[in-house]
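Only one structure is covered here, and it is reproduced in the block below.
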Amino acid sequence: MKIRVLGSAAGGGCPQWNCAYRNCRGVRDGSLRIEARTQECVAVSSDGEAWFLLNASPEIRAQIESFPALHPRGLRHSPIEGILLTNGDLDHTLGLLSLRESHPLAVYSTEAVRRGFVESNVLYRTLQRFPGQVTWRTLPLQGEIELERRGGGSSGLSVEAFAAPGKLPIHLEGLGAAAGAGENVGLRIRELSSGRVLVYLSTVARLTGETLSAAGRADCLFFDGTFWSEDELRELGASEKSAREMAHLPIGGENGSLAALREARLPLRIYIHLNNTNPVLLEDSPERAAVESAGWRIARDGMEIAL
């Protein structure tokens with residue numbers, strides 16, 4: 001299985017357009033050992049020819065251009081065979097609206113995520129220029145399905161979605177609906193030929209038996225690395241909300257993911273969806289040292305992995 005990190009940051013990226021926190025300043029002026037990052041999106045392939053994107057960030061056009069394997073090979077062509085959505089957050093779905101140039105798209109999501117993006121969304125009309133411009137393929141919870149190439153050929157990959165604790169997207173809050181099991185999911189992607197498994201959990205409010213079980217059976221785990229601490233934004237005066245109130249389990253602390261997953265014996269574990277305030281972004285920070293000494297890696301744009 002081939003994996004390419006197209007974007008590794010949380011919403012807003014790093015630097016964020018309206019942020020002057022030290023991490024963002026350090027990227028802009030080069031005063032810190034820190035890399036710029038775009039918003040989270042990962043490409044996965046079995047053969048290097050047919051690719052599937054995990055989420056569609058607002059920066060998807062630049063991310064596609066950054067990776068030659070995703071470039072068109074004909075007048076009107078794309079190696080992107082499908083897009084898998086883990087939830088309906090704007091930083092995971094807005095990129096779909098940038099892929100509107102009369103090209104057929106296959107989007108895999110739960111019914112709850114599809115409904116939240118499509119219903120009452122006048123902008124979705126830009127993806128209805130011709131019949132079948134977007135084909136929605138339902139991701140059932142607890143059921144493995146094969147990812148298909150256009151025309152029905154095998155991609156060499158299968159996916160199983162499972163519920164992960166999260167919340168409604170901000171744009172759907174207060175509209176009467178409550179968050180259900182399908183609003184936020186993890187993905188278990190298996191390469192059919194090798195049996196290798198990628199588990200993708202970029203938004204996790206808390207660990208459950210299901211998420212722990214999935215993580216423990218992965219050959220490669222991408223996990224929510226949004227915040228280092230529970231009160232990261234509060235302490236900076238950037239928000240009144242805690243990490244868990246924003247549906248993200250922090251990395252650090254006795255109840256954080258670093259401690260909770262310390263017994264997991266995984267060949268490869270990577271934190272992704274990193275907020276611009278997170279000190280692990282700093283390559284010489286004690287928080288980065290703690291993460292790396294525990295066997296974790298920090299995702300960066302352009303990172304490539306072969307399973």
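Residues are named by chain letter and number: chains run A, B, ... in the order of the structure tokens, numbers start at 1 in each chain, and ligands are numbered from 1 in the order shown.
Close contacts of A:Glu160, defined as residues with an atom at most 6 Å away when counting only C-alpha atoms, with chain neighbours fewer than 4 positions off set aside, comprise Gly143, Glu144, Leu187 and Arg188 of chain A.
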Export, as a tab-separated table (two decimals), in the first residue's frame, the selected residues with N, CA, C and O atoms.
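Here's the written file selection_34.tsv:
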chain	number	residue	atom	x	y	z
A	143	GLY	N	-19.00	-2.89	8.27
A	143	GLY	CA	-19.13	-3.74	7.09
A	143	GLY	C	-18.04	-3.38	6.09
A	143	GLY	O	-17.92	-2.23	5.70
A	144	GLU	N	-17.24	-4.35	5.69
A	144	GLU	CA	-16.13	-4.09	4.76
A	144	GLU	C	-16.64	-4.10	3.33
A	144	GLU	O	-17.39	-5.00	2.92
A	187	LEU	N	-11.56	4.89	9.66
A	187	LEU	CA	-11.50	4.05	8.47
A	187	LEU	C	-10.43	2.98	8.65
A	187	LEU	O	-9.31	3.26	9.08
A	188	ARG	N	-10.80	1.76	8.31
A	188	ARG	CA	-9.84	0.64	8.29
A	188	ARG	C	-9.68	0.23	6.83
A	188	ARG	O	-10.59	-0.36	6.24
If we count only C-alpha atoms and set the cut-off at 9 Å, which residues sit around A:Ile270, ignoring sequence neighbours fewer than 3 positions away in its own chain? Please answer as an mmCIF file with C-alpha atoms, in the first residue's frame.
data_model
loop_
_atom_site.group_PDB
_atom_site.id
_atom_site.type_symbol
_atom_site.label_atom_id
_atom_site.label_comp_id
_atom_site.auth_asym_id
_atom_site.auth_seq_id
_atom_site.Cartn_x
_atom_site.Cartn_y
_atom_site.Cartn_z
ATOM 1 C CA CYS A 220 -0.073 1.873 10.197
ATOM 2 C CA LEU A 221 -2.147 4.173 12.402
ATOM 3 C CA PHE A 222 -2.935 7.809 11.706
ATOM 4 C CA PHE A 223 -4.403 9.360 14.855
ATOM 5 C CA ASP A 224 -5.864 12.676 15.996
ATOM 6 C CA GLY A 225 -2.998 14.983 16.952
ATOM 7 C CA GLY A 295 7.634 5.718 18.941
ATOM 8 C CA TRP A 296 5.286 8.185 17.237
ATOM 9 C CA ARG A 297 5.898 10.301 14.155
ATOM 10 C CA ILE A 298 4.458 13.717 13.322
ATOM 11 C CA ALA A 299 2.773 13.941 9.918
#
Residues of stretch 167-268 of chain A classed as strand (DSSP E or B) by DSSP on the backbone are to be reported as a ChimeraX atom specification. /A:184-191,197-201,220-224
Could you list, as a ChimeraX atom specification, every residue within 9 Å of A:Ser257, counting only C-alpha atoms and ignoring same-chain residues fewer than 5 positions away? /A:206-207,223-225,249-252,262
Would you mind writing down, as an MDAnalysis selection string, each residue of stretch 17-185 of chain A that DSSP on the backbone assigns to helix (DSSP H, G or I)? chainID A and resid 22:29 60:65 68:70 90:97 111:118 122:127 170:172
Keeping only C-alpha atoms, write those residues as a PDB file, in the first residue's frame.
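As written to disk, result_24.pdb reads:
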ATOM      1  CA  ARG A  22       4.520  31.805  17.666  1.00  0.00           C
ATOM      2  CA  ASN A  23       4.152  28.731  15.456  1.00  0.00           C
ATOM      3  CA  CYS A  24       2.559  30.732  12.656  1.00  0.00           C
ATOM      4  CA  ARG A  25       5.045  33.569  13.057  1.00  0.00           C
ATOM      5  CA  GLY A  26       7.894  31.068  13.024  1.00  0.00           C
ATOM      6  CA  VAL A  27       6.739  29.613   9.700  1.00  0.00           C
ATOM      7  CA  ARG A  28       6.382  33.073   8.177  1.00  0.00           C
ATOM      8  CA  ASP A  29       9.720  34.528   9.252  1.00  0.00           C
ATOM      9  CA  ILE A  60      -7.129  20.189  -2.491  1.00  0.00           C
ATOM     10  CA  ARG A  61      -6.185  21.772  -5.813  1.00  0.00           C
ATOM     11  CA  ALA A  62      -2.694  22.765  -4.618  1.00  0.00           C
ATOM     12  CA  GLN A  63      -2.329  19.399  -2.884  1.00  0.00           C
ATOM     13  CA  ILE A  64      -3.083  17.533  -6.112  1.00  0.00           C
ATOM     14  CA  GLU A  65      -0.562  19.662  -7.994  1.00  0.00           C
ATOM     15  CA  PRO A  68       2.646  14.121  -9.730  1.00  0.00           C
ATOM     16  CA  ALA A  69       0.951  10.733  -9.254  1.00  0.00           C
ATOM     17  CA  LEU A  70      -2.374  12.617  -9.041  1.00  0.00           C
ATOM     18  CA  LEU A  90     -15.783  21.970   6.250  1.00  0.00           C
ATOM     19  CA  ASP A  91     -12.051  21.297   6.329  1.00  0.00           C
ATOM     20  CA  HIS A  92     -12.881  17.743   5.205  1.00  0.00           C
ATOM     21  CA  THR A  93     -15.524  18.499   2.563  1.00  0.00           C
ATOM     22  CA  LEU A  94     -14.997  21.941   1.016  1.00  0.00           C
ATOM     23  CA  GLY A  95     -12.485  20.508  -1.428  1.00  0.00           C
ATOM     24  CA  LEU A  96     -15.319  18.648  -3.149  1.00  0.00           C
ATOM     25  CA  LEU A  97     -16.648  21.970  -4.430  1.00  0.00           C
ATOM     26  CA  GLU A 111     -25.539   8.513   5.025  1.00  0.00           C
ATOM     27  CA  ALA A 112     -25.392  11.090   7.847  1.00  0.00           C
ATOM     28  CA  VAL A 113     -22.360  12.817   6.306  1.00  0.00           C
ATOM     29  CA  ARG A 114     -23.869  12.748   2.809  1.00  0.00           C
ATOM     30  CA  ARG A 115     -27.130  14.243   4.055  1.00  0.00           C
ATOM     31  CA  GLY A 116     -25.368  16.998   5.973  1.00  0.00           C
ATOM     32  CA  PHE A 117     -23.370  18.040   2.910  1.00  0.00           C
ATOM     33  CA  VAL A 118     -26.091  17.746   0.278  1.00  0.00           C
ATOM     34  CA  VAL A 122     -27.214  25.494  -2.711  1.00  0.00           C
ATOM     35  CA  LEU A 123     -23.492  25.260  -3.495  1.00  0.00           C
ATOM     36  CA  TYR A 124     -23.895  21.537  -4.089  1.00  0.00           C
ATOM     37  CA  ARG A 125     -25.593  22.435  -7.372  1.00  0.00           C
ATOM     38  CA  THR A 126     -22.153  23.097  -8.825  1.00  0.00           C
ATOM     39  CA  LEU A 127     -21.582  19.325  -8.605  1.00  0.00           C
ATOM     40  CA  ILE A 170     -20.196  23.517  13.237  1.00  0.00           C
ATOM     41  CA  HIS A 171     -22.452  24.547  10.335  1.00  0.00           C
ATOM     42  CA  LEU A 172     -25.054  21.955  11.399  1.00  0.00           C
TER      43      LEU A 172
END
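Summary of the local environment: counting only C-alpha atoms, residues at most 12 Å from A:Pro131, other than itself and those fewer than 2 positions away along its chain, are Ser102, His103, Pro104, Leu105, Arg125, Leu127, Gln128, Arg129, Gln133, Val134 and Thr135 of chain A.
Of the residues listed (A:Ala50, A:Pro165, A:Val199, A:Ile189), A:Ala50 shows the shortest atom-to-atom separation from A:Arg150; distances use only C-alpha atoms.
Atom CA of A:Val5 is found 5.4 Å from atom CA of A:Gly302.
Distance annotation: of A:Cys19, A:Ala106, A:Leu175, A:Ala238, the residue with the minimal separation from A:Leu84 is A:Ala106; atom set is only C-alpha atoms.
Interatomic distance, atom CA of A:Ala36 against atom CA of A:Cys14: 5.4 Å.
The coordinates place atom CA of A:Leu53 at 8.4 Å from atom CA of A:Glu81.
Shortest atom-to-atom contact with A:Arg190 among A:Arg234, A:Arg137, A:Lys2, A:Arg288: A:Lys2, counting only C-alpha atoms.
Omitting A:Gly216 and its sequence neighbours fewer than 2 positions away, and counting only C-alpha atoms, the residues within 9 Å are Thr211, Leu212, Ser213, Ala214, Ala218, Asp219, Leu221, Leu261, Ala264, Arg265 and Leu266 of chain A.
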Keeping only N, CA, C and O atoms, write the selected residues as a tab-separated table (two decimals), in the first residue's frame.
chain	number	residue	atom	x	y	z
A	211	THR	N	-12.47	1.90	19.00
A	211	THR	CA	-11.32	2.61	18.43
A	211	THR	C	-10.01	1.97	18.89
A	211	THR	O	-9.06	1.86	18.11
A	212	LEU	N	-9.96	1.53	20.15
A	212	LEU	CA	-8.75	0.86	20.64
A	212	LEU	C	-8.50	-0.45	19.90
A	212	LEU	O	-7.36	-0.77	19.56
A	213	SER	N	-9.56	-1.20	19.66
A	213	SER	CA	-9.43	-2.46	18.95
A	213	SER	C	-8.92	-2.24	17.53
A	213	SER	O	-8.02	-2.95	17.05
A	214	ALA	N	-9.50	-1.24	16.85
A	214	ALA	CA	-9.07	-0.95	15.48
A	214	ALA	C	-7.62	-0.50	15.44
A	214	ALA	O	-6.83	-0.94	14.60
A	218	ALA	N	-3.69	-2.38	13.50
A	218	ALA	CA	-3.20	-1.65	12.33
A	218	ALA	C	-1.73	-1.92	12.06
A	218	ALA	O	-0.94	-2.09	12.99
A	219	ASP	N	-1.37	-1.95	10.80
A	219	ASP	CA	0.04	-1.92	10.42
A	219	ASP	C	0.54	-0.48	10.38
A	219	ASP	O	1.73	-0.23	10.55
A	221	LEU	N	-1.07	3.43	11.75
A	221	LEU	CA	-2.15	4.17	12.40
A	221	LEU	C	-1.91	5.67	12.25
A	221	LEU	O	-0.86	6.19	12.63
A	261	LEU	N	-2.35	5.03	24.53
A	261	LEU	CA	-1.96	4.10	23.48
A	261	LEU	C	-0.53	3.59	23.65
A	261	LEU	O	0.03	3.01	22.73
A	264	ALA	N	0.06	-0.06	22.86
A	264	ALA	CA	-0.19	-0.55	21.50
A	264	ALA	C	1.13	-0.80	20.78
A	264	ALA	O	1.96	0.10	20.66
A	265	ARG	N	1.33	-2.01	20.31
A	265	ARG	CA	2.58	-2.36	19.65
A	265	ARG	C	2.37	-2.27	18.14
A	265	ARG	O	2.06	-3.26	17.48
A	266	LEU	N	2.52	-1.07	17.64
A	266	LEU	CA	2.26	-0.81	16.23
A	266	LEU	C	3.55	-0.55	15.48
A	266	LEU	O	4.43	0.16	15.97
So which residues touch A:Cys41 within 7 Å, counting only C-alpha atoms, skipping near sequence neighbours fewer than 2 positions away, as a VMD selection string? chain A and resid 5 to 8 39 43 53 to 57
